[in-house]
$ cat run30.cif   # mmCIF, C-alpha atoms and all ligand atoms
data_structure
loop_
_atom_site.label_atom_id
_atom_site.label_comp_id
_atom_site.auth_asym_id
_atom_site.auth_seq_id
_atom_site.Cartn_x
_atom_site.Cartn_y
_atom_site.Cartn_z
CA MET T 718 -12.26 -69.75 44.04
CA ALA T 719 -8.65 -70.52 43.21
CA GLN T 720 -7.32 -68.20 40.54
CA LYS T 721 -5.14 -69.53 37.76
CA ARG T 722 -2.00 -67.45 37.58
CA LEU T 723 -0.52 -66.51 34.25
CA PRO T 724 2.91 -68.00 33.54
CA LEU T 725 5.75 -65.49 33.62
CA HIS T 726 6.53 -65.66 29.89
CA THR T 727 2.89 -64.81 29.07
CA LYS T 728 3.09 -61.86 31.43
CA ILE T 729 6.31 -60.64 29.78
CA LEU T 730 4.70 -60.95 26.36
CA LEU T 731 1.68 -59.03 27.63
CA GLY T 732 4.04 -56.34 28.94
CA LEU T 733 5.50 -56.08 25.45
CA VAL T 734 2.14 -55.86 23.67
CA ILE T 735 0.61 -53.45 26.17
CA GLY T 736 3.79 -51.32 26.00
CA LEU T 737 3.47 -51.16 22.25
CA VAL T 738 -0.20 -50.17 22.36
CA PHE T 739 0.41 -47.68 25.14
CA GLY T 740 3.28 -46.07 23.21
CA LEU T 741 1.07 -45.67 20.13
CA VAL T 742 -1.80 -44.28 22.21
CA CYS T 743 0.60 -41.71 23.71
CA ILE T 744 1.70 -40.58 20.28
CA PHE T 745 -1.73 -40.31 18.75
CA THR T 746 -3.54 -38.78 21.71
CA GLY T 747 -0.83 -36.18 22.18
CA ILE T 748 0.19 -37.24 25.69
CA PRO T 749 3.42 -35.25 26.19
CA ASN T 750 6.58 -37.25 25.54
CA SER T 751 8.15 -35.82 28.66
CA LEU T 752 5.57 -37.63 30.79
CA VAL T 753 6.66 -40.99 29.40
CA ILE T 754 10.35 -40.08 29.52
CA HIS T 755 10.22 -38.88 33.12
CA TYR T 756 7.78 -41.33 34.67
CA ILE T 757 7.92 -44.55 32.65
CA LYS T 758 11.38 -44.73 31.13
CA PRO T 759 13.12 -44.96 34.55
CA PHE T 760 11.43 -48.31 35.22
CA GLY T 761 12.90 -49.71 32.01
CA THR T 762 16.32 -48.38 32.97
CA ILE T 763 16.00 -49.89 36.45
CA PHE T 764 15.17 -53.26 34.91
CA VAL T 765 18.11 -53.22 32.49
CA ASN T 766 20.48 -52.02 35.21
CA ALA T 767 19.34 -54.83 37.49
CA LEU T 768 20.07 -57.38 34.77
CA LYS T 769 23.49 -55.88 34.12
CA MET T 770 24.17 -55.82 37.85
CA VAL T 771 24.14 -59.61 38.05
CA ALA T 772 26.02 -60.32 34.81
CA MET T 773 29.58 -60.03 36.16
CA PRO T 774 29.13 -61.99 39.41
CA LEU T 775 27.13 -64.61 37.50
CA ILE T 776 29.85 -65.17 34.91
CA LEU T 777 32.56 -65.21 37.53
CA ALA T 778 30.85 -67.67 39.87
CA SER T 779 29.34 -70.00 37.31
CA LEU T 780 32.41 -70.19 35.12
CA ILE T 781 34.74 -70.86 38.05
CA VAL T 782 32.41 -73.58 39.32
CA GLY T 783 31.96 -74.94 35.80
CA VAL T 784 35.67 -75.21 35.06
CA ALA T 785 36.56 -76.51 38.53
CA ASN T 786 34.02 -79.29 38.13
CA LEU T 787 35.14 -80.28 34.64
CA GLY T 788 37.43 -82.99 35.90
CA ASP T 789 40.18 -82.40 33.37
CA ILE T 790 41.47 -79.54 31.28
CA SER T 791 41.43 -81.37 27.97
CA LYS T 792 37.63 -81.08 27.96
CA LEU T 793 37.96 -77.34 28.28
CA SER T 794 40.32 -76.96 25.34
CA ARG T 795 38.17 -79.27 23.20
CA MET T 796 35.07 -77.29 24.09
CA GLY T 797 36.88 -74.00 23.52
CA GLY T 798 38.09 -74.97 20.07
CA ARG T 799 34.66 -76.22 19.00
CA THR T 800 32.83 -73.22 20.38
CA ILE T 801 35.00 -70.69 18.62
CA GLY T 802 34.96 -72.76 15.41
CA ILE T 803 31.14 -72.95 15.32
CA TYR T 804 30.80 -69.29 16.27
CA MET T 805 33.02 -68.28 13.36
CA ALA T 806 31.20 -70.59 10.95
CA THR T 807 27.72 -69.29 11.83
CA THR T 808 28.91 -65.70 11.55
CA VAL T 809 30.37 -66.30 8.09
CA ILE T 810 27.11 -67.98 7.03
CA ALA T 811 25.09 -65.04 8.36
CA THR T 812 27.23 -62.47 6.58
CA THR T 813 27.05 -64.38 3.32
CA ILE T 814 23.26 -64.70 3.57
CA GLY T 815 23.05 -60.96 4.14
CA LEU T 816 25.15 -60.27 1.11
CA VAL T 817 23.21 -62.63 -1.15
CA ILE T 818 19.77 -61.29 -0.26
CA VAL T 819 20.76 -57.65 -0.47
CA ASN T 820 22.17 -58.29 -3.93
CA ILE T 821 18.95 -60.02 -4.97
CA ILE T 822 16.51 -57.50 -3.51
CA GLN T 823 18.71 -54.41 -4.06
CA PRO T 824 16.77 -52.07 -1.75
CA GLY T 825 19.36 -49.30 -2.20
CA LYS T 826 18.52 -48.86 -5.85
CA ILE T 827 15.02 -47.55 -5.19
CA ILE T 828 16.18 -44.69 -2.95
CA THR T 829 15.56 -41.43 -4.78
CA GLU T 830 18.07 -38.62 -4.91
CA GLU T 831 15.67 -36.48 -2.91
CA THR T 832 15.27 -38.99 -0.05
CA ARG T 833 19.00 -39.49 0.02
CA THR T 834 19.77 -35.79 0.35
CA GLU T 835 17.08 -35.38 3.00
CA LEU T 836 18.31 -38.30 5.11
CA MET T 837 21.94 -37.27 4.82
CA GLY T 838 21.06 -33.80 6.05
CA MET T 839 18.89 -35.02 8.91
CA PHE T 840 21.30 -37.56 10.37
CA GLU T 841 24.63 -35.87 9.69
CA LYS T 842 25.29 -35.38 13.41
CA ASP T 843 24.69 -39.05 14.21
CA VAL T 844 27.28 -40.03 11.64
CA VAL T 845 29.91 -37.80 13.22
CA LEU T 846 29.21 -39.36 16.63
CA LYS T 847 29.40 -42.95 15.34
CA ALA T 848 32.50 -42.28 13.28
CA ASP T 849 34.16 -40.84 16.38
CA GLU T 850 33.33 -43.94 18.40
CA ALA T 851 34.61 -46.19 15.63
CA LYS T 852 37.88 -44.27 15.39
CA LYS T 853 39.30 -45.85 18.51
CA PHE T 854 38.89 -49.34 16.98
CA LYS T 855 40.52 -48.30 13.73
CA GLU T 856 43.62 -47.00 15.44
CA GLU T 857 44.26 -50.30 17.21
CA GLY T 858 46.82 -52.81 15.96
CA PRO T 859 45.70 -56.27 14.82
CA LEU T 860 46.74 -57.94 18.09
CA GLN T 861 44.99 -55.42 20.34
CA PRO T 862 41.87 -57.60 20.80
CA LEU T 863 44.15 -60.27 22.24
CA VAL T 864 45.80 -57.79 24.58
CA ASN T 865 42.36 -56.59 25.66
CA ILE T 866 41.45 -60.01 27.00
CA ILE T 867 44.06 -59.94 29.77
CA PRO T 868 43.07 -57.57 32.59
CA ASP T 869 45.77 -55.52 34.28
CA ASN T 870 43.59 -55.15 37.32
CA LEU T 871 40.88 -57.65 38.08
CA PHE T 872 38.78 -55.34 40.22
CA ASP T 873 38.97 -52.56 37.70
CA SER T 874 37.83 -54.81 34.86
CA ALA T 875 35.09 -56.38 36.95
CA SER T 876 33.70 -52.90 37.45
CA LYS T 877 32.75 -52.49 33.79
CA ASN T 878 30.35 -54.77 31.94
CA SER T 879 32.16 -54.06 28.71
CA ASN T 880 35.09 -56.08 30.06
CA MET T 881 33.22 -59.36 29.99
CA LEU T 882 35.94 -61.24 28.13
CA GLN T 883 38.52 -60.24 30.73
CA ILE T 884 36.40 -61.74 33.46
CA VAL T 885 35.83 -64.87 31.36
CA PHE T 886 39.61 -65.14 31.01
CA PHE T 887 40.23 -64.70 34.74
CA ALA T 888 37.50 -67.16 35.70
CA ILE T 889 38.92 -69.82 33.37
CA ILE T 890 42.44 -69.40 34.77
CA PHE T 891 41.08 -69.40 38.32
CA GLY T 892 39.00 -72.53 37.61
CA ILE T 893 41.96 -74.34 36.04
CA ALA T 894 44.13 -73.50 39.05
CA LEU T 895 41.42 -74.77 41.36
CA LEU T 896 41.16 -77.94 39.36
CA GLN T 897 44.82 -78.63 39.87
CA ILE T 898 45.08 -77.90 43.56
CA LYS T 899 45.25 -81.14 45.47
CA THR T 900 44.51 -80.04 49.03
CA ASP T 901 41.11 -80.12 50.68
CA LYS T 902 41.10 -76.34 50.85
CA LYS T 903 39.93 -76.18 47.28
CA HIS T 904 36.52 -77.45 48.34
CA ILE T 905 36.04 -74.38 50.50
CA VAL T 906 36.69 -72.13 47.50
CA ILE T 907 34.48 -74.18 45.16
CA GLY T 908 31.76 -74.29 47.84
CA PHE T 909 31.92 -70.51 48.16
CA PHE T 910 31.50 -69.93 44.44
CA GLU T 911 28.73 -72.54 44.24
CA GLY T 912 26.92 -70.66 46.99
CA LEU T 913 27.50 -67.35 45.27
CA ASN T 914 26.15 -68.80 42.04
CA ASP T 915 22.96 -69.99 43.74
CA VAL T 916 22.46 -66.59 45.33
CA ILE T 917 22.85 -64.79 41.99
CA ILE T 918 20.40 -67.16 40.31
CA ARG T 919 17.88 -66.43 43.06
CA ILE T 920 18.38 -62.69 42.45
CA ILE T 921 17.74 -63.25 38.72
CA HIS T 922 14.40 -64.79 39.67
CA TYR T 923 13.52 -61.67 41.62
CA ILE T 924 14.50 -59.46 38.70
CA MET T 925 12.44 -61.56 36.32
CA MET T 926 9.35 -60.99 38.46
CA PHE T 927 9.71 -57.36 37.48
CA ALA T 928 10.31 -58.23 33.81
CA PRO T 929 6.72 -57.65 32.54
CA TYR T 930 6.79 -54.08 33.89
CA GLY T 931 10.35 -53.49 32.75
CA VAL T 932 9.53 -54.66 29.24
CA PHE T 933 6.39 -52.50 29.18
CA ALA T 934 8.44 -49.44 30.14
CA LEU T 935 11.20 -50.16 27.61
CA ILE T 936 8.86 -50.68 24.66
CA SER T 937 6.48 -47.79 25.33
CA THR T 938 9.39 -45.39 25.80
CA LEU T 939 11.02 -46.59 22.62
CA ILE T 940 7.90 -45.98 20.55
CA VAL T 941 7.55 -42.47 21.94
CA GLU T 942 11.24 -41.72 21.35
CA ILE T 943 11.22 -43.00 17.78
CA ALA T 944 8.16 -40.92 16.94
CA GLY T 945 9.75 -37.82 18.50
CA ASN T 946 7.83 -34.58 18.15
CA ASN T 947 6.72 -35.29 14.63
CA PRO T 948 5.21 -38.78 14.32
CA SER T 949 4.07 -38.35 10.73
CA LYS T 950 7.60 -37.40 9.66
CA ALA T 951 8.96 -40.49 11.43
CA VAL T 952 6.43 -42.68 9.59
CA GLU T 953 7.42 -41.07 6.30
CA ILE T 954 11.15 -41.70 6.83
CA LEU T 955 10.61 -45.24 8.03
CA SER T 956 8.45 -46.10 5.04
CA ALA T 957 11.11 -44.81 2.65
CA LEU T 958 13.41 -47.38 4.21
CA LEU T 959 10.85 -50.15 4.32
CA LEU T 960 12.45 -52.35 1.68
CA TYR T 961 15.86 -52.05 3.32
CA SER T 962 14.36 -52.98 6.71
CA ALA T 963 12.47 -55.87 5.10
CA THR T 964 15.72 -57.16 3.56
CA VAL T 965 17.42 -57.23 6.96
CA LEU T 966 14.38 -58.91 8.49
CA ILE T 967 14.22 -61.56 5.76
CA GLY T 968 17.88 -62.38 6.39
CA LEU T 969 17.30 -62.62 10.14
CA LEU T 970 14.30 -64.87 9.56
CA ILE T 971 16.41 -67.15 7.38
CA MET T 972 18.84 -67.53 10.29
CA ILE T 973 16.04 -68.35 12.74
CA LEU T 974 13.93 -70.52 10.44
CA VAL T 975 16.53 -72.25 8.27
CA VAL T 976 20.12 -72.02 9.51
CA TYR T 977 19.67 -72.75 13.23
CA PRO T 978 17.08 -75.52 12.70
CA THR T 979 19.51 -77.16 10.24
CA ILE T 980 22.31 -76.98 12.80
CA PHE T 981 19.95 -78.48 15.35
CA LYS T 982 19.06 -81.35 13.05
CA LEU T 983 22.69 -82.06 12.28
CA PHE T 984 24.17 -81.89 15.75
CA THR T 985 21.48 -82.48 18.37
CA LYS T 986 18.53 -84.74 19.05
CA VAL T 987 16.43 -81.89 20.36
CA LYS T 988 13.38 -80.58 18.53
CA TYR T 989 13.87 -76.98 17.47
CA ARG T 990 10.42 -76.17 18.87
CA THR T 991 11.44 -77.37 22.31
CA PHE T 992 14.53 -75.18 22.11
CA PHE T 993 12.53 -72.18 21.00
CA LYS T 994 10.10 -72.61 23.87
CA GLY T 995 12.99 -72.92 26.29
CA ILE T 996 14.60 -69.64 25.37
CA ARG T 997 11.57 -67.47 24.68
CA ASP T 998 12.00 -65.33 27.81
CA ALA T 999 15.55 -64.54 26.75
CA GLN T 1000 14.36 -63.72 23.24
CA ILE T 1001 11.69 -61.32 24.48
CA LEU T 1002 14.25 -59.62 26.69
CA ALA T 1003 16.76 -59.37 23.85
CA PHE T 1004 14.03 -57.75 21.77
CA SER T 1005 13.07 -55.29 24.49
CA THR T 1006 16.57 -54.36 25.67
CA SER T 1007 18.53 -54.60 22.35
CA SER T 1008 21.41 -55.90 24.42
CA SER T 1009 22.88 -59.40 24.42
CA SER T 1010 24.93 -58.53 27.50
CA ALA T 1011 21.94 -57.41 29.55
CA THR T 1012 20.05 -60.53 28.40
CA LEU T 1013 22.93 -62.86 29.25
CA PRO T 1014 21.86 -63.81 32.79
CA VAL T 1015 18.45 -64.86 31.47
CA THR T 1016 19.91 -66.67 28.44
CA MET T 1017 22.13 -68.67 30.79
CA GLU T 1018 19.32 -69.41 33.17
CA SER T 1019 16.99 -70.48 30.34
CA VAL T 1020 19.38 -72.94 28.67
CA GLU T 1021 20.33 -74.43 32.01
CA ASN T 1022 16.90 -74.76 33.59
CA ASN T 1023 14.63 -75.20 30.58
CA LEU T 1024 16.97 -77.16 28.34
CA ASN T 1025 19.20 -78.93 30.82
CA VAL T 1026 22.50 -77.65 29.46
CA SER T 1027 25.20 -78.08 32.11
CA GLU T 1028 26.65 -75.12 33.92
CA GLU T 1029 30.15 -75.74 32.61
CA VAL T 1030 28.93 -75.49 29.02
CA SER T 1031 26.53 -72.58 29.43
CA SER T 1032 28.86 -70.50 31.58
CA PHE T 1033 31.64 -70.91 29.06
CA VAL T 1034 29.81 -70.76 25.75
CA LEU T 1035 27.25 -68.01 26.46
CA PRO T 1036 29.36 -65.16 27.91
CA LEU T 1037 31.80 -65.76 25.09
CA GLY T 1038 28.94 -65.69 22.59
CA ALA T 1039 27.43 -62.52 24.05
CA THR T 1040 30.69 -60.75 23.30
CA ILE T 1041 32.01 -62.34 20.12
CA ASN T 1042 29.18 -64.14 18.36
CA MET T 1043 26.75 -61.81 16.66
CA ASP T 1044 25.16 -63.49 13.67
CA GLY T 1045 22.32 -60.98 13.48
CA THR T 1046 24.71 -58.05 13.65
CA SER T 1047 27.04 -59.36 10.95
CA LEU T 1048 24.11 -60.08 8.65
CA TYR T 1049 22.76 -56.60 9.20
CA GLN T 1050 26.17 -55.05 8.58
CA SER T 1051 26.55 -56.72 5.20
CA VAL T 1052 23.02 -55.73 4.11
CA ALA T 1053 23.52 -52.17 5.34
CA ALA T 1054 26.89 -51.77 3.62
CA VAL T 1055 25.58 -52.82 0.20
CA PHE T 1056 22.38 -50.84 0.69
CA ILE T 1057 24.35 -47.66 1.42
CA ALA T 1058 26.66 -48.24 -1.55
CA HIS T 1059 23.73 -48.73 -3.94
CA ALA T 1060 21.81 -45.78 -2.52
CA MET T 1061 24.86 -43.59 -3.12
CA GLY T 1062 25.09 -44.78 -6.68
CA LEU T 1063 28.17 -47.00 -6.21
CA GLU T 1064 28.59 -50.41 -7.78
CA LEU T 1065 30.58 -52.84 -5.66
CA SER T 1066 33.24 -55.05 -7.18
CA LEU T 1067 33.66 -58.67 -6.06
CA THR T 1068 36.72 -57.63 -4.05
CA SER T 1069 34.72 -54.99 -2.19
CA GLN T 1070 31.99 -57.54 -1.45
CA LEU T 1071 34.62 -59.93 -0.12
CA ALA T 1072 36.03 -57.11 2.02
CA ILE T 1073 32.51 -56.68 3.39
CA VAL T 1074 32.28 -60.37 4.37
CA ILE T 1075 35.65 -60.33 6.12
CA THR T 1076 35.22 -57.02 7.91
CA ALA T 1077 31.60 -57.71 8.87
CA VAL T 1078 32.70 -60.96 10.52
CA LEU T 1079 35.46 -59.14 12.40
CA ALA T 1080 33.30 -56.09 13.16
CA SER T 1081 30.55 -58.23 14.65
CA ILE T 1082 33.13 -59.94 16.86
CA GLY T 1083 34.28 -56.49 17.98
CA SER T 1084 30.75 -55.16 18.54
CA ALA T 1085 29.78 -54.98 22.18
CA GLY T 1086 26.48 -56.55 23.25
CA VAL T 1087 24.84 -53.18 23.79
CA PRO T 1088 22.25 -51.19 21.82
CA GLY T 1089 23.56 -49.64 18.64
CA ALA T 1090 27.03 -51.21 18.81
CA GLY T 1091 26.59 -52.86 15.42
CA MET T 1092 26.07 -49.51 13.73
CA VAL T 1093 29.28 -48.07 15.21
CA MET T 1094 31.28 -50.99 13.86
CA LEU T 1095 29.54 -50.63 10.52
CA VAL T 1096 31.71 -47.55 9.95
CA ILE T 1097 34.73 -49.85 9.74
CA VAL T 1098 32.98 -52.18 7.30
CA LEU T 1099 32.06 -49.24 5.08
CA GLU T 1100 35.58 -47.89 5.00
CA ALA T 1101 37.10 -51.29 4.22
CA ALA T 1102 34.80 -51.59 1.22
CA GLY T 1103 35.48 -48.04 0.03
CA ILE T 1104 31.97 -46.77 0.84
CA PRO T 1105 31.77 -43.23 2.34
CA ALA T 1106 30.96 -43.42 6.05
CA ALA T 1107 28.64 -40.42 5.61
CA GLY T 1108 26.21 -42.91 4.06
CA LEU T 1109 25.51 -44.18 7.55
CA ALA T 1110 22.99 -41.34 7.77
CA LEU T 1111 20.76 -43.31 5.41
CA ILE T 1112 20.14 -46.11 7.87
CA VAL T 1113 20.06 -44.34 11.24
CA ALA T 1114 16.27 -44.00 11.38
CA PRO T 1115 15.22 -47.67 11.45
CA ASP T 1116 18.30 -48.82 13.36
CA ARG T 1117 16.73 -49.32 16.75
CA PRO T 1118 13.86 -51.60 15.63
CA LEU T 1119 16.33 -53.58 13.51
CA ASP T 1120 18.72 -53.72 16.48
CA MET T 1121 15.96 -55.29 18.56
CA CYS T 1122 15.49 -58.02 15.95
CA ARG T 1123 19.18 -58.68 15.34
CA THR T 1124 19.78 -58.97 19.08
CA VAL T 1125 17.17 -61.75 19.19
CA VAL T 1126 19.14 -63.56 16.48
CA ASN T 1127 22.41 -62.90 18.31
CA ILE T 1128 21.27 -64.59 21.50
CA THR T 1129 19.45 -67.37 19.63
CA GLY T 1130 22.75 -68.12 17.85
CA ASP T 1131 24.61 -68.24 21.17
CA ALA T 1132 22.03 -70.55 22.71
CA THR T 1133 22.07 -72.79 19.61
CA VAL T 1134 25.82 -73.23 19.94
CA ALA T 1135 25.46 -73.95 23.67
CA MET T 1136 23.00 -76.74 22.78
CA VAL T 1137 25.34 -78.13 20.13
CA ILE T 1138 28.37 -78.13 22.43
CA ALA T 1139 26.37 -79.73 25.26
CA SER T 1140 25.06 -82.41 22.88
CA THR T 1141 28.50 -83.19 21.49
CA GLU T 1142 29.73 -83.51 25.09
CA GLY T 1143 27.11 -86.23 25.56
CA GLU T 1144 24.71 -84.24 27.72
CA GLN T 1145 21.03 -85.13 27.80
CA VAL T 1146 19.80 -81.74 26.72
CA GLY T 1147 16.28 -80.73 25.81
CA GLN T 1148 14.31 -81.40 28.97
CA LYS T 1149 13.44 -79.14 31.84
CA ARG T 1150 15.86 -79.47 34.71
CA VAL T 1151 14.46 -80.89 37.93
CA ILE T 1152 15.22 -78.33 40.62
CA ASP T 1153 14.98 -79.33 44.24
N1 LIG E 1201 22.51 -54.73 20.11
C1 LIG E 1201 23.25 -55.86 19.62
C2 LIG E 1201 23.50 -56.85 20.73
O1 LIG E 1201 23.53 -56.48 21.87
C3 LIG E 1201 24.54 -55.45 18.96
C4 LIG E 1201 24.24 -54.63 17.73
O2 LIG E 1201 24.05 -55.23 16.66
O3 LIG E 1201 24.12 -53.42 17.82
O4 LIG E 1201 23.65 -58.02 20.49
#

$ encode --input "run30.cif" --output "C-alpha cells"
Amino acid sequence: MAQKRLPLHTKILLGLVIGLVFGLVCIFTGIPNSLVIHYIKPFGTIFVNALKMVAMPLILASLIVGVANLGDISKLSRMGGRTIGIYMATTVIATTIGLVIVNIIQPGKIITEETRTELMGMFEKDVVLKADEAKKFKEEGPLQPLVNIIPDNLFDSASKNSNMLQIVFFAIIFGIALLQIKTDKKHIVIGFFEGLNDVIIRIIHYIMMFAPYGVFALISTLIVEIAGNNPSKAVEILSALLLYSATVLIGLLIMILVVYPTIFKLFTKVKYRTFFKGIRDAQILAFSTSSSSATLPVTMESVENNLNVSEEVSSFVLPLGATINMDGTSLYQSVAAVFIAHAMGLELSLTSQLAIVITAVLASIGSAGVPGAGMVMLVIVLEAAGIPAAGLALIVAPDRPLDMCRTVVNITGDATVAMVIASTEGEQVGQKRVID
C-alpha cells in the first residue's frame, strides 16, 4: 500500500512540538540535563551551522546573478532607495507601537521591590557581560557603520557571517561591473555564479531534510537550559515577568496581524494568508534558531519558490533586511526600556521616550541577526534614555523565548518588504514557482 508522506513543513512543526514535550518530560522526570546537552544539543548546533555555512556563498552568488541580470543600474538604485525607506518606516512604526502599548499596560509598575532586588542580584553577571559587548558600539563614531560596510579584504570578510553587509556591498559592485562589461567573457562569469547559486540551493534542500530533527534538538535543549537545575525557581521568575512578556508579545502580534497585513493590502495584490503559508518554514526556523542570519537561506528560498519573488529582489532585499531591518527587536527594545525604567521607579519624560524611539531604531539596525543581539544593543537604548543599564538584569530571564518570537517578526518584516518591492517592480508574486 502506498504510504502518504508528510509534507516537510508538517514534519518541522512536529519536530518543534515533540521537542517541546520532550524538553518538559526531561525536566519533570529528572533526566539529567547533561544527557540532553551532550547528546541532543549537538544536532541542533550542526543544523544551525549548516544553515550558516551556506549563507555567505548564497548571498554572493545570488546577488551577483541578480544584479548582473537587472539590465540597468537605475533599477537597482530605485529598488535600494525604496527598500531602505520601507525598512526604516516599518521599524519606526514597530518602535512606536512598543512604546504605546508599554505605556498603556505599564507592566513595570507591578514589579515589587523584593522581586526587583532578587532579579538584580541573580543576573548581575549577565549585565556586566552585555554592557561589555555594547561598549564597543558606544565608542564608535557616527560614520563607523558606513566604514564597516566596505571590506578591506574580501576573503577575510567572507570568512565571518557577521560581515554580511560587506559581502552584499562587494556583490553589488561586482554585479554592476559585470553588467557594464561588453565582451562575451561576462557570460562565463555569470554562468559560473548561476551554477554556484543552483548548487547552493540544492544544498539548502539537503539541510532542510534534516530540519525536523534540528528543530527538535534546538527546542528540547532550550527548554532544559532555561529550566536549569531548579525548574520551579525558573517558573517563579518567569511568572513574575509574565505581564512584561505579554506586553512584548501583544506588540509583536500587532505587527504580524495588523501592520504587515495593512502593508500587504496597500502595496500588493497578494492575500496575506498566501504569504504566510509561503514563509512558514522560515518562520518556524526563525523561532527555533532565534537568528535571522541563520534563517536567511530559507527565507530567500521560500519567497523565491513559494511566492515567486525574483532572485534580484530577494537576494538584494533579504540579506539587507536580515542585518538592518529588525522590527521585532526594535519593538522589544522600546517595551523593555520603559519596563525597566518603571520597575526601577523612574518616570520617563517625553524627551526620554523620544530618545528611546530614535535609539531603538538605530540599535535594531546595529543588532546582528544572532540570538540575544537585541539585548546587547538595549544597553545603548537604556543609556540614551538615562535608565541605569543595571536594570537589564530585570529582563534577562525571559529573553530567549521573547527572542524567538521577535526573530519571527524580524524575518516576516523582511519578507513583507521583499513582496512589496517585487510587486512595485511589476512582478507577478504570490504563486508557487514552477521549477523544472
Ligand atoms: N535574534 C534576533 C534576530 O536574529 C535579534 C535580536 O533581537 O536579538 O533577528

$ atom_distance --input "run30.cif" --atom1 "atom CA of T:Gly798" --atom2 "atom CA of T:Tyr977"
19.8 Å

$ closest_residue --input "run30.cif" --among "T:Gly1062, T:Pro759, T:Gly892, T:Gly1130" --to "ligand LIG 1201 (chain E)" --atoms "only C-alpha atoms and all ligand atoms"
T:Gly1130

$ residues_near_ligand --input "run30.cif" --ligand "ligand LIG 1201 (chain E)" --cutoff "9 Å" --atoms "all atoms listed in the file" --output "VMD selection string"
chain T and resid 1003 1006 to 1012 1039 to 1040 1042 to 1047 1049 to 1050 1081 1084 to 1094 1116 to 1117 1119 to 1128

$ atom_distance --input "run30.cif" --atom1 "atom CA of T:Ser1140" --atom2 "atom CA of T:Leu793"
14.9 Å

$ residues_around --input "run30.cif" --residues "T:Val916" --least-positions-apart "3" --cutoff "12 Å" --atoms "only C-alpha atoms" --output "PyMOL selection string"
chain T and resi 771+774-775+778-779+909-913+919-923

$ residues_near_point --input "run30.cif" --point "(18.7, -71.2, 29.2)" --cutoff "10 Å" --atoms "only C-alpha atoms" --output "PyMOL selection string"
chain T and resi 992+995-999+1013-1027+1031+1035+1132+1135-1136+1149

$ closest_residue --input "run30.cif" --among "T:His1059, T:Ala1080, T:Gly788, T:Gly1108" --to "T:Met839" --atoms "only C-alpha atoms"
T:Gly1108

$ residues_around --input "run30.cif" --residues "T:Gly931" --least-positions-apart "4" --cutoff "12 Å" --atoms "all atoms listed in the file" --output "PyMOL selection string"
chain T and resi 728-733+735-736+757-768+924-927+935-938+1001-1002+1005-1006

$ closest_residue --input "run30.cif" --among "T:Ile967, T:Val844, T:Ala772, T:Ala888" --to "T:Glu1029" --atoms "all atoms listed in the file"
T:Ala888

$ closest_residue --input "run30.cif" --among "T:Ile907, T:Val941, T:Leu846, T:Leu1109" --to "T:Gly747" --atoms "only C-alpha atoms"
T:Val941

$ residues_around --input "run30.cif" --residues "stretch 869-875 of chain T" --least-positions-apart "2" --cutoff "9 Å" --atoms "all atoms listed in the file" --output "ChimeraX atom specification"
/T:773-774,867,877-881,883-884,887

$ atom_distance --input "run30.cif" --atom1 "atom CA of T:Lys855" --atom2 "atom CA of T:Leu1037"
22.6 Å

$ residues_around --input "run30.cif" --residues "T:Leu958" --least-positions-apart "5" --cutoff "9 Å" --atoms "only C-alpha atoms" --output "list in words"
Pro824, Gly825, Ile828, Glu953, Ala963, Leu1111, Ile1112, Ala1114 and Pro1115 of chain T

$ write_last_selection --input "run30.cif" --atoms "C-alpha atoms" --output "CSV table (one decimal), in the frame of the given file"
chain,number,residue,atom,x,y,z
T,824,PRO,CA,16.8,-52.1,-1.8
T,825,GLY,CA,19.4,-49.3,-2.2
T,828,ILE,CA,16.2,-44.7,-3.0
T,953,GLU,CA,7.4,-41.1,6.3
T,963,ALA,CA,12.5,-55.9,5.1
T,1111,LEU,CA,20.8,-43.3,5.4
T,1112,ILE,CA,20.1,-46.1,7.9
T,1114,ALA,CA,16.3,-44.0,11.4
T,1115,PRO,CA,15.2,-47.7,11.4

$ residues_around --input "run30.cif" --residues "T:Ser1069" --least-positions-apart "3" --cutoff "9 Å" --atoms "all atoms listed in the file" --output "count of residues only"
8

$ closest_residue --input "run30.cif" --among "T:Leu882, T:Ala1054, T:Val1034, T:Val753" --to "T:Leu863" --atoms "only C-alpha atoms"
T:Leu882

$ closest_residue --input "run30.cif" --among "T:Lys792, T:Gln897, T:Ile940, T:Asp843" --to "T:Gly1143" --atoms "only C-alpha atoms"
T:Lys792

$ closest_atom_pairs --input "run30.cif" --of "stretch 875-974 of chain T" --to "stretch 805-819 of chain T" --cutoff "8 Å" --atoms "only C-alpha atoms" --output "CSV"
residue,atom,partner,partner_atom,distance
T:Thr964,CA,T:Val819,CA,6.5
T:Val965,CA,T:Gly815,CA,7.3
T:Gly968,CA,T:Gly815,CA,5.8
T:Met972,CA,T:Ala811,CA,7.0
